[in-house]
Structures are given as structure tokens and as C-alpha cells.
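Below: one structure, written as C-alpha cells.
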2 protein chains.
Amino acid sequence: MRIGIDIGGTKTDAVIVDDSLVVRQHLRRPTGRGNVAVVDGAERIVRDLLDGVGATTGEVEQIGVGIPGVVDELTGRVRHAVNIGVAELELAAILGARLSIPVVVGNDVNAAALGASHLLDLHVPTAFLNLGTGLAAGLVVDGRVWRGARGGAGEIGHIPVDPSGALCPCGQRGCLETMASGSALARLWPTDAALPAVDLFERAEAGQQNAVAVRETVVTGVASAVRVLLLSTDVETVIIGGGLSNLGERLMRPLRETFERWGRTSPFLDSLDLSSRVRLLPPESPAAALGAALLDLRPLASAI
Amino acid sequence: MRIGIDIGGTKTDAVIVDDSLVVRQHLRRPTGRGNVAVVDGAERIVRDLLDGVGATTGEVEQIGVGIPGVVDELTGRVRHAVNIGVAELELAAILGARLSIPVVVGNDVNAAALGASHLLDLHVPTAFLNLGTGLAAGLVVDGRVWRGARGGAGEIGHIPVDPSGALCPCGQRGCLETMASGSALARLWPTDAALPAVDLFERAEAGQQNAVAVRETVVTGVASAVRVLLLSTDVETVIIGGGLSNLGERLMRPLRETFERWGRTSPFLDSLDLSSRVRLLPPESPAAALGAALLDLRPLASAI
């Protein structure tokens with residue numbers, strides 16, 4: 001058996017899968033902040049998964065962890081995971097020692113890409129576009145994560161697409177992340193609503209003018225991110241996930257309308273078949289945790 | 001031995017290489033226009049290469065041809081090679097029958113990418129950024145061309161980076177190709193000079209104000225194309241080739257200055273080490289012809 005854990009900014013997902021990669025159990029909990037809470041939480045969720053399926057640590061081949069921040073995949077060290085209060089943490093070493101199970105650690109978006117591609121049973125080059133607090137993509141080719149030469153493949157959130165766009169915390173202007181991400185929404189649509197994205201899209205559907213304009217920015221950002229992915233990497237499919245993907249059809253309908261509008265003025269774009277190449281990650285699916293469980297099913301190449 | 005032919009808009013390059021991939025002879029000629037001239041020219045240059053090294057057709061394992069337009073690599077059919085007056089041509093079948101040598105045909109930019117990566121002896125993921133009449137890139141990973149799912153990987157010329165940019169023939173606005181390509185130059189810097197790019201850069205160096213502004217657009221376009229490639233695919237190295245690359249240091253100096261300026265306001269970009277990851281294709285090197293000779297050294301995967 002294998003265990004996969006996705007440690008997100010707010011919640012932690014964990015799954016235990018059997019040798020056929022079928023999910024035997026899935027647990028979801030709030031993520032603690034800081035090194036101690038993160039490690040304790042990961043240990044606890046592993047032990048609870050094992051109790052749930054009546055297994056022992058000795059039956060687990062490995063644990064994969066997907067986590068935000070800068071991950072050194074060779075050592076399993078995590079740095080700059082700001083959202084969860086972790087400056088530096090030897091996650092693989094510490095968690096592995098506590099449980100006596102080998103632990104591999106990977107970037108959360110890459111793990112989600114692998115899991116999403118597996119969940120949707122895609123056997124084509126695939127990008128997973130994560131619309132979370134930030135915007136980033138993970139790439140999967142031939143069933144493996146393509147990390148790139150320096151681990152930065154898919155970092156499209158900081159590609160600027162408008163010289164007069166908003167200033168991005170990265171120091172550039174008009175980055176895709178300033179248009180279509182949780183942080184973009186917080187800036188563009190300040191609200192006390194429990195679900196700011198739902199609030200925005202509902203008001204836009206009701207015709208509230210400023211909401212329509214902000215939705216246009218967000219949807220154009222998503223569409224532009226898909227265009228960048230298809231034109232640079234030519235993956236067959238882009239799977240949209242992350243918090244904003246919970247908007248479901250609310251997001252997909254205007255997204256398809258945007259692609260259709262683009263196609264009417266650009267035969268070139270029309271020929272790319274954008275709409276049919278975008279899929280939504282099913283809501284609540286534990287893609288990232290599942291992907292974490294699969295993290296090293298194949299040897300890591302430096303390049304792909 | 002293998003023969004590689006690069007049929008460009010103005011000139012045709014051809015090389016014959018031995019089994020160690022060493023170039024035995026290199027010929028360069030003007031390209032004819034239309035199906036008959038293209039096929040006759042290819043046959044002629046092959047026979048002249050063979051004469052030059054004293055070899056017969058029977059000693060040639062295969063001929064690879066790199067050509068602009070839409071190439072069906074399975075059949076060797078070329079369509080829409082507008083620059084050379086070819087609407088549709090069964091190039092592999094016809095040339096192969098005339099010479100009794102197997103012929104494979106590939107996209108010219110992909111061939112150049114393969115040849116450039118080989119010439120510079122790079123064993124890392126590499127992009128070849130072709131600044132020709134258009135702007136496009138070819139990607140090489142693990143010594144093979146990465147074509148993408150639909151053969152469109154590296155088509156970054158039609159990624160828009162400025163909503164208020166120039167209208168592109170593709171129907172979009174502000175595409176990278178409208179900033180940094182031969183066609184962009186023709187629009188931005190109309191001149192009777194024999195070498196428009198050299199004219200522009202010389203005048204810019206002399207401080208002519210409108211030339212400085214146009215050069216700024218061109219260089220920003222090149223820099224933006226490099227940024228798109230590194231952030232989406234995370235290749236280790238971008239090799240700049242195509243007509244504009246003949247500007248050499250004239251282009252590279254302001255390009256590095258642009259990266260440095262970007263790095264001063266964006267620690268994120270600074271960390272990407274842009275300047276050190278860009279190389280210039282040595283002028284007059286027969287990269288595309290060499291790459292054409294290598295075109296199928298490894299089996300073509302659909303994805304990569």
C-alpha cells in the first residue's frame with residue numbers, strides 16, 4: 001500500500017491506496033501552522049488511515065507528501081512554505097523516522113497534476129492548471145511529472161500578459177496570477193462573503209456591472225493561462241483545479257464563451273480547439289493526495 | 001551517411017554527415033519557388049553533396065528535410081509552405097522515389113532545434129528560439145524533439161503579451177511575433193536598407209530616437225519570448241537563431257540589459273538567471289540542415 005498526503009494552506013487531504021492504486025480511504029482535516037503542527041498532523045493522519053483500513057506501518061511501501069513552498073525533492077526538505085508557517089523543515093527525514101516508512105516530498109501542484117491525470121484516466125500529455133491562492137501549472141507527460149531543468153516547469157503564473165496590468169508581488173506587472181487566482185480575487189473583489197468567488201460570479205450573473213467587469217478579468221486570465229500552456233507545451237488537455245475550479249460550470253461557461261469569441265476573430269486560435277481541450281477537476285476529488293501517493297512510481301529523471 | 005536539407009524561405013542548406021555525425025560537406029544555395037523547383041533543387045543538392053564526397057546514393061541511410069509550413073511527419077506531406085510557393089507537396093514520396101533513398105520530413109524549426117542542440121553539445125532540455133520571418137521555438141528534451149500532443153509545442157509566436165499591441169495576421173493582438181520577428185521589423189522599421197535589422201540597430205546605437213524606441217520593442221519581444229519559454233517549459237537553455245540572431249552582440253547586449261533591468265525590480269525573475277541561460281546560435285552554422293539529418297535518430301513518440 002501507499003499513502004499520499006496533500007498539505008494545503010487550509011486543509012490536509014490524505015489517501016491510502018492499494019497496489020492497484022484504488023483509494024481505500026480518504027481523510028480530510030484542517031492544516032496546522034508551523035513545523036510541529038505540520039509534522040504532528042501528518043503523522044496523525046497516517047496513523048488514522050492505517051487504523052481505518054486495519055493496516056500496520058510495515059504494510060506501507062511509502063508515503064508521498066505534496067506541499068507548497070520550495071521543495072528539494074532529493075532530500076525532502078521544504079522551504080518557504082509561507083501559507084503553513086514553515087520556513088524550513090526536513091519533512092521527509094523527520095516524518096520518515098517517526099513512522100519508519102520511506103517518505104518522498106514533492107511540489108503540491110506537481111502532485112495534483114499527477115493525481116488529476118490519473119483520476120481522469122488521461123493517457124495524453126496533460127497540464128493541471130491550479131487556480132489556488134496563486135496560479136501555477138503542473139505538467140504530466142508519459143505518466144510522469146515533467147519538472148523541467150530546474151524544477152520550474154509550469155510556473156506560468158508569473159508570465160506577464162499586460163504591460164499596464166496590476167503590480168504583482170513578484171515585482172512584475174500584469175502577471176497571469178494577478179488576473180486569475182485567489183489572491184487576484186481578494187484584490188479585485190474585496191468582500192465579506194464566505195465564498196468570494198461564488199459571490200462575484202453570482203452577482204455577475206445577476207448583471208451587477210462591476211461584478212461583470214471583474215469576472216471578465218478573471219475569466220480572461222484563466223483563458224490566457226490555457227492559451228499559454230497549449231501554445232508553449234502543446235499538452236492535449238488542461239485540467240482546471242484549485243479553489244476557483246469549485247465554481248464549476250459558473251466558470252466553464254464564460255470560459256468557453258471567451259474561447260469562442262477569440263476563435264471568431266482568430267482562425268488560428270479556432271484551429272486549436274481550446275474549449276474541447278479543457279476539463280474541470282471533479283470537485284472534492286483528492287487529486288493532490290492521490291498524486292502524492294504516486295509521486296515516485298517511476299524514477300525521477302532530471303529533465304522530464 | 002546521412003543527408004540533411006533545410007529548405008528556407010530564401011536559401012537552402014544541405015549537409016552530409018558521417019556515422020559519427022561529423023559534417024563532411026555543407027552546401028548553401030538560393031531556394032526555388034513552387035513544387036517543381038523545390039523538388040529539383042533538393043535532388044540537385046543531394047547529388048552535388050554525393051559528388052563532393054565521392055559517394056553514391058546507396059551509401060546514404062536517409063535524407064531528412066526541414067521545411068516551413070504544415071508538415072505531416074508520418075507521410076512526409078507538406079502543406080501551406082507559403083514562403084516557398086508550395087501549397088501541397090508529397091515531398092518525402094517524390095524525393096525518395098527520385099533518389100531511391102528514404103526521406104523523412106520535419107518542421108524546419110524543430111529540425112533547427114535538434115541541430116542547434118547538437119552543435120552546441122548541450123545535454124540539457126533546450127529551446128531553440130527562431131527569430132525569422134515569424135517567431136517560433138522548437139524544444140529538445142533528452143536529445144529528441146518534443147513535438148507536443150498535436151505537433152504545436154513551441155508555437156509561442158502567437159502568445160499575446162499586450163492587449164493594446166499590434167494586430168497580428170493570426171487575428172490576435174500583441175502576439176510576440178508582432179514584436180520580435182522579421183515581419184515585425186518590416187512593419188516597425190520600413191527601410192530600403194539591404195539589412196533592415198542592422199540598419200535599425202546601428203541607428204539605435206547612434207542614438208536616433210525612433211530607432212531606439214523600435215529596438216526597445218524588438219528586444220523586449222525577444223526577452224519576453226525567453227521568459228515565456230523558461231516559465232512554461234523550464235528548459236535549461238534558450239538558443240537564439242534565425243535571421244535576427246545574425247545581429248550577434250548587437251542583439252545580445254540590450255537583451256542582457258533588459259534581463260538585468262527586469263531583475264532589479266523582480267527578485268523572482270532575478271532568481272531565474274535569464275542572461276546566463278540564453279545562447280546565440282553561431283552565425284552561418286548549418287544547424288537546421290544538421291538537425292534535419294538527425295531527424296529520426298530516435299523513434300518518434302507521439303508525445304515527446
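Identifiers for the C-alpha cells are assigned positionally: chains receive A, B, ... in sequence, residues are indexed from 1 per chain, and ligands are indexed from 1 in the order shown.
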Set the cut-off to 6 Å and count only C-alpha atoms: what are the residues of chain A that reach chain B? Output as a ChimeraX atom specification. /A:148-149,152-156,161-162,170-171,231-236,265-266,268
Generate a file of the selected residues that holds N, CA and C atoms, formatted as a short mmCIF file (atom, residue, chain, number, x, y, z; two decimals), in the first residue's frame.
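selection_26.cif, freshly written:
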```
data_model
loop_
_atom_site.label_atom_id
_atom_site.label_comp_id
_atom_site.auth_asym_id
_atom_site.auth_seq_id
_atom_site.Cartn_x
_atom_site.Cartn_y
_atom_site.Cartn_z
N GLY A 148 11.01 19.98 -15.55
CA GLY A 148 11.87 20.95 -16.21
C GLY A 148 13.29 20.84 -15.69
N ALA A 149 14.16 21.68 -16.24
CA ALA A 149 15.58 21.58 -15.91
C ALA A 149 15.86 22.00 -14.47
N GLY A 152 11.11 24.17 -12.44
CA GLY A 152 10.19 25.30 -12.59
C GLY A 152 9.18 25.17 -13.71
N ALA A 153 9.08 24.01 -14.34
CA ALA A 153 8.13 23.88 -15.45
C ALA A 153 6.71 24.16 -14.97
N GLY A 154 5.96 24.90 -15.76
CA GLY A 154 4.57 25.19 -15.42
C GLY A 154 4.38 26.42 -14.55
N GLU A 155 5.46 27.14 -14.26
CA GLU A 155 5.35 28.34 -13.40
C GLU A 155 4.79 29.52 -14.19
N ILE A 156 3.67 29.29 -14.85
CA ILE A 156 3.16 30.32 -15.77
C ILE A 156 2.47 31.47 -15.07
N VAL A 161 1.04 39.29 -19.11
CA VAL A 161 0.31 39.36 -20.36
C VAL A 161 -0.30 40.74 -20.60
N ASP A 162 0.06 41.69 -19.74
CA ASP A 162 -0.45 43.05 -19.93
C ASP A 162 0.49 44.04 -19.26
N CYS A 170 5.50 39.58 -7.25
CA CYS A 170 6.78 39.10 -7.79
C CYS A 170 7.61 40.24 -8.36
N GLY A 171 7.01 41.44 -8.46
CA GLY A 171 7.76 42.59 -8.95
C GLY A 171 7.48 42.93 -10.40
N LEU A 231 0.04 26.72 -26.27
CA LEU A 231 0.97 27.18 -27.30
C LEU A 231 2.42 26.91 -26.94
N SER A 232 2.75 26.83 -25.68
CA SER A 232 4.15 26.58 -25.34
C SER A 232 4.42 25.07 -25.24
N THR A 233 3.57 24.34 -24.55
CA THR A 233 3.87 22.92 -24.32
C THR A 233 3.06 21.99 -25.21
N ASP A 234 1.97 22.50 -25.79
CA ASP A 234 1.07 21.67 -26.61
C ASP A 234 0.66 20.39 -25.90
N VAL A 235 0.29 20.51 -24.63
CA VAL A 235 -0.37 19.38 -24.00
C VAL A 235 -1.71 19.17 -24.68
N GLU A 236 -2.23 17.97 -24.60
CA GLU A 236 -3.53 17.71 -25.23
C GLU A 236 -4.66 18.30 -24.40
N THR A 265 -12.41 35.82 -34.13
CA THR A 265 -11.50 36.79 -34.77
C THR A 265 -10.16 36.16 -35.14
N SER A 266 -9.89 34.94 -34.66
CA SER A 266 -8.60 34.32 -34.97
C SER A 266 -8.80 32.87 -35.43
N PHE A 268 -6.61 31.00 -36.37
CA PHE A 268 -5.51 30.26 -35.76
C PHE A 268 -5.93 29.69 -34.42
#
```
What residues in segment 212-282 of chain A get the DSSP label helix (DSSP H, G or I)? Please answer as JSON, numbers by chain. {"A": [212, 213, 214, 215, 216, 217, 218, 219, 220, 221, 222, 223, 224, 225, 226, 227, 228, 229, 230, 231, 232, 233, 243, 244, 245, 246, 247, 249, 250, 251, 252, 253, 254, 255, 256, 257, 258, 259, 260, 261, 262, 263, 264, 265, 267, 268, 269, 270, 271, 272, 275, 276, 277]}
For Ser276 of chain B, work out the shell of residues within 12 Å, counting only C-alpha atoms and skipping chain neighbours fewer than 2 positions away, then give it as a PDB file with N, CA, C and O atoms, in the first residue's frame.
```pdb
ATOM      1  N   VAL B 226      11.801  34.628 -24.349  1.00  0.00           N
ATOM      2  CA  VAL B 226      12.668  33.804 -23.497  1.00  0.00           C
ATOM      3  C   VAL B 226      11.979  33.541 -22.161  1.00  0.00           C
ATOM      4  O   VAL B 226      11.962  32.406 -21.656  1.00  0.00           O
ATOM      5  N   GLU B 236      16.656  24.410 -19.771  1.00  0.00           N
ATOM      6  CA  GLU B 236      17.840  24.995 -19.152  1.00  0.00           C
ATOM      7  C   GLU B 236      18.377  26.146 -20.002  1.00  0.00           C
ATOM      8  O   GLU B 236      18.811  27.175 -19.483  1.00  0.00           O
ATOM      9  N   THR B 237      18.328  25.958 -21.321  1.00  0.00           N
ATOM     10  CA  THR B 237      18.985  26.901 -22.224  1.00  0.00           C
ATOM     11  C   THR B 237      18.057  27.286 -23.374  1.00  0.00           C
ATOM     12  O   THR B 237      17.346  26.434 -23.902  1.00  0.00           O
ATOM     13  N   VAL B 238      18.097  28.563 -23.728  1.00  0.00           N
ATOM     14  CA  VAL B 238      17.404  29.025 -24.934  1.00  0.00           C
ATOM     15  C   VAL B 238      18.462  29.453 -25.943  1.00  0.00           C
ATOM     16  O   VAL B 238      19.287  30.332 -25.652  1.00  0.00           O
ATOM     17  N   ILE B 239      18.461  28.807 -27.100  1.00  0.00           N
ATOM     18  CA  ILE B 239      19.380  29.178 -28.168  1.00  0.00           C
ATOM     19  C   ILE B 239      18.630  30.098 -29.125  1.00  0.00           C
ATOM     20  O   ILE B 239      17.555  29.738 -29.614  1.00  0.00           O
ATOM     21  N   MET B 252      22.386  40.785 -28.348  1.00  0.00           N
ATOM     22  CA  MET B 252      22.565  40.172 -27.032  1.00  0.00           C
ATOM     23  C   MET B 252      22.813  41.204 -25.927  1.00  0.00           C
ATOM     24  O   MET B 252      22.357  41.020 -24.798  1.00  0.00           O
ATOM     25  N   LEU B 255      19.670  42.766 -24.881  1.00  0.00           N
ATOM     26  CA  LEU B 255      18.846  41.694 -24.301  1.00  0.00           C
ATOM     27  C   LEU B 255      19.267  41.441 -22.852  1.00  0.00           C
ATOM     28  O   LEU B 255      18.432  41.373 -21.944  1.00  0.00           O
ATOM     29  N   ARG B 256      20.584  41.339 -22.639  1.00  0.00           N
ATOM     30  CA  ARG B 256      21.063  41.136 -21.265  1.00  0.00           C
ATOM     31  C   ARG B 256      20.711  42.338 -20.390  1.00  0.00           C
ATOM     32  O   ARG B 256      20.358  42.183 -19.219  1.00  0.00           O
ATOM     33  N   PHE B 259      17.164  41.943 -19.272  1.00  0.00           N
ATOM     34  CA  PHE B 259      17.050  40.964 -18.180  1.00  0.00           C
ATOM     35  C   PHE B 259      17.531  41.570 -16.857  1.00  0.00           C
ATOM     36  O   PHE B 259      16.936  41.349 -15.811  1.00  0.00           O
ATOM     37  N   GLU B 260      18.632  42.330 -16.930  1.00  0.00           N
ATOM     38  CA  GLU B 260      19.149  42.936 -15.703  1.00  0.00           C
ATOM     39  C   GLU B 260      18.157  43.951 -15.130  1.00  0.00           C
ATOM     40  O   GLU B 260      17.935  44.002 -13.926  1.00  0.00           O
ATOM     41  N   ASP B 270      14.993  37.658 -11.205  1.00  0.00           N
ATOM     42  CA  ASP B 270      16.434  37.653 -10.969  1.00  0.00           C
ATOM     43  C   ASP B 270      16.912  36.243 -10.627  1.00  0.00           C
ATOM     44  O   ASP B 270      17.978  35.805 -11.080  1.00  0.00           O
ATOM     45  N   SER B 271      16.081  35.521  -9.872  1.00  0.00           N
ATOM     46  CA  SER B 271      16.478  34.174  -9.448  1.00  0.00           C
ATOM     47  C   SER B 271      16.491  33.188 -10.613  1.00  0.00           C
ATOM     48  O   SER B 271      17.032  32.090 -10.504  1.00  0.00           O
ATOM     49  N   LEU B 272      15.883  33.569 -11.733  1.00  0.00           N
ATOM     50  CA  LEU B 272      15.824  32.648 -12.872  1.00  0.00           C
ATOM     51  C   LEU B 272      17.105  32.665 -13.699  1.00  0.00           C
ATOM     52  O   LEU B 272      17.293  31.819 -14.561  1.00  0.00           O
ATOM     53  N   ASP B 273      17.937  33.698 -13.472  1.00  0.00           N
ATOM     54  CA  ASP B 273      19.245  33.645 -14.121  1.00  0.00           C
ATOM     55  C   ASP B 273      19.118  33.747 -15.646  1.00  0.00           C
ATOM     56  O   ASP B 273      19.799  33.032 -16.392  1.00  0.00           O
ATOM     57  N   LEU B 274      18.245  34.633 -16.098  1.00  0.00           N
ATOM     58  CA  LEU B 274      17.891  34.658 -17.520  1.00  0.00           C
ATOM     59  C   LEU B 274      19.101  34.822 -18.432  1.00  0.00           C
ATOM     60  O   LEU B 274      19.275  34.074 -19.391  1.00  0.00           O
ATOM     61  N   VAL B 278      20.729  32.099 -21.951  1.00  0.00           N
ATOM     62  CA  VAL B 278      20.498  32.402 -23.361  1.00  0.00           C
ATOM     63  C   VAL B 278      21.802  32.298 -24.130  1.00  0.00           C
ATOM     64  O   VAL B 278      22.821  32.835 -23.703  1.00  0.00           O
ATOM     65  N   ARG B 279      21.793  31.579 -25.236  1.00  0.00           N
ATOM     66  CA  ARG B 279      22.971  31.464 -26.083  1.00  0.00           C
ATOM     67  C   ARG B 279      22.588  31.850 -27.497  1.00  0.00           C
ATOM     68  O   ARG B 279      21.426  31.750 -27.894  1.00  0.00           O
ATOM     69  N   LEU B 280      23.574  32.258 -28.234  1.00  0.00           N
ATOM     70  CA  LEU B 280      23.352  32.645 -29.625  1.00  0.00           C
ATOM     71  C   LEU B 280      23.819  31.500 -30.514  1.00  0.00           C
ATOM     72  O   LEU B 280      24.889  30.927 -30.298  1.00  0.00           O
TER      73      LEU B 280
END
```
Could you pull the residues within 8 Å of Arg215 of chain B, counting only C-alpha atoms, minus those fewer than 4 positions along the same chain, as a list in words?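 Surrounding residues, per the criterion: Leu200, Phe201, Ala204, Ala211 and Val219 of chain B.
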From a DSSP pass on the backbone, collect the residues of segment 56-224 of chain B flagged as strand (DSSP E) and hand them back as a PyMOL selection string. chain B and resi 62-67+70-72+77-81+86-90+103-107+126-131+135-141+144-145
Between atom CA of Val109 of chain A and atom CA of Asp72 of chain A, what is the spacing in Å?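 Separation of atom CA of Asp72 of chain A and atom CA of Val109 of chain A: 14.3 Å.
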With distances taken over only C-alpha atoms, the candidate from B:Asp121, B:Asp40, B:Asp13, B:Glu61 nearest Val103 of chain B is B:Glu61
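Considering only C-alpha atoms, the residue among B:Thr31, B:Ala223, B:Arg144, B:Leu131 positioned nearest to Asn246 of chain B is B:Leu131.
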Skipping near chain neighbours, those fewer than 3 positions away, what residues fall within 8 Å of Ser117 of chain A using only C-alpha atoms, listed as number ranges by chain? A: 113-114, 120-123, 126, 128, 140, 143
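When only C-alpha atoms are used to compute distances to Ala213 of chain B, the closest of the residues B:Ile7, B:Ala116, B:Leu188, B:Ala97 turns out to be B:Leu188.
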Between atom CA of Val46 of chain A and atom CA of Leu91 of chain A, what is the distance, to one decimal in Å?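 So the two atoms, atom CA of Val46 of chain A and atom CA of Leu91 of chain A, lie 14.1 Å apart.
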Of the candidates A:Pro68, A:Asp192, A:Leu185, A:Leu290, which shows the shortest atom-to-atom distance to Gly243 of chain A, using only C-alpha atoms?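 Nearest to Gly243 of chain A: A:Leu185.
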Show me, as JSON, numbers by chain, the residues that have an atom within 12 Å of Arg77 of chain B when counting only C-alpha atoms, minus same-chain residues fewer than 4 positions from it. {"B": [35, 65, 66, 67, 68, 69, 70, 71, 72, 73, 81, 86, 87, 88, 89, 90, 91, 92, 93, 94, 95, 103, 104, 105, 106, 107]}
Selection above as a file: C-alpha atoms, as a PDB file, in the first residue's frame:
```
ATOM      1  CA  ASN B  35       6.786  22.368 -56.144  1.00  0.00           C
ATOM      2  CA  VAL B  65      14.341  17.581 -44.792  1.00  0.00           C
ATOM      3  CA  GLY B  66      13.380  20.539 -42.634  1.00  0.00           C
ATOM      4  CA  ILE B  67      10.850  22.801 -44.286  1.00  0.00           C
ATOM      5  CA  PRO B  68       8.443  25.572 -43.266  1.00  0.00           C
ATOM      6  CA  GLY B  69       4.698  25.051 -43.449  1.00  0.00           C
ATOM      7  CA  VAL B  70       2.499  22.341 -42.019  1.00  0.00           C
ATOM      8  CA  VAL B  71       4.320  19.043 -42.152  1.00  0.00           C
ATOM      9  CA  ASP B  72       2.706  15.651 -41.750  1.00  0.00           C
ATOM     10  CA  GLU B  73       5.680  13.773 -40.392  1.00  0.00           C
ATOM     11  CA  ALA B  81       4.635  26.446 -47.154  1.00  0.00           C
ATOM     12  CA  VAL B  86       4.208  25.328 -52.040  1.00  0.00           C
ATOM     13  CA  ALA B  87       0.504  24.724 -51.393  1.00  0.00           C
ATOM     14  CA  GLU B  88       0.779  20.954 -51.099  1.00  0.00           C
ATOM     15  CA  LEU B  89       3.632  18.603 -51.902  1.00  0.00           C
ATOM     16  CA  GLU B  90       4.287  14.904 -51.291  1.00  0.00           C
ATOM     17  CA  LEU B  91       7.910  15.734 -50.630  1.00  0.00           C
ATOM     18  CA  ALA B  92       9.070  12.506 -48.964  1.00  0.00           C
ATOM     19  CA  ALA B  93       7.439  10.248 -51.541  1.00  0.00           C
ATOM     20  CA  ILE B  94       8.620  12.189 -54.606  1.00  0.00           C
ATOM     21  CA  LEU B  95      12.166  12.946 -53.473  1.00  0.00           C
ATOM     22  CA  VAL B 103      13.257  10.628 -46.931  1.00  0.00           C
ATOM     23  CA  VAL B 104      11.799  11.987 -43.691  1.00  0.00           C
ATOM     24  CA  VAL B 105      10.371  15.483 -43.491  1.00  0.00           C
ATOM     25  CA  GLY B 106      10.017  17.641 -40.424  1.00  0.00           C
ATOM     26  CA  ASN B 107       9.171  21.150 -39.358  1.00  0.00           C
TER      27      ASN B 107
END
```
Expressed in Å to a single decimal, how great is the separation between atom CA of Met1 of chain B and atom CA of Arg98 of chain B?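 Interatomic distance, atom CA of Met1 of chain B to atom CA of Arg98 of chain B: 18.1 Å.
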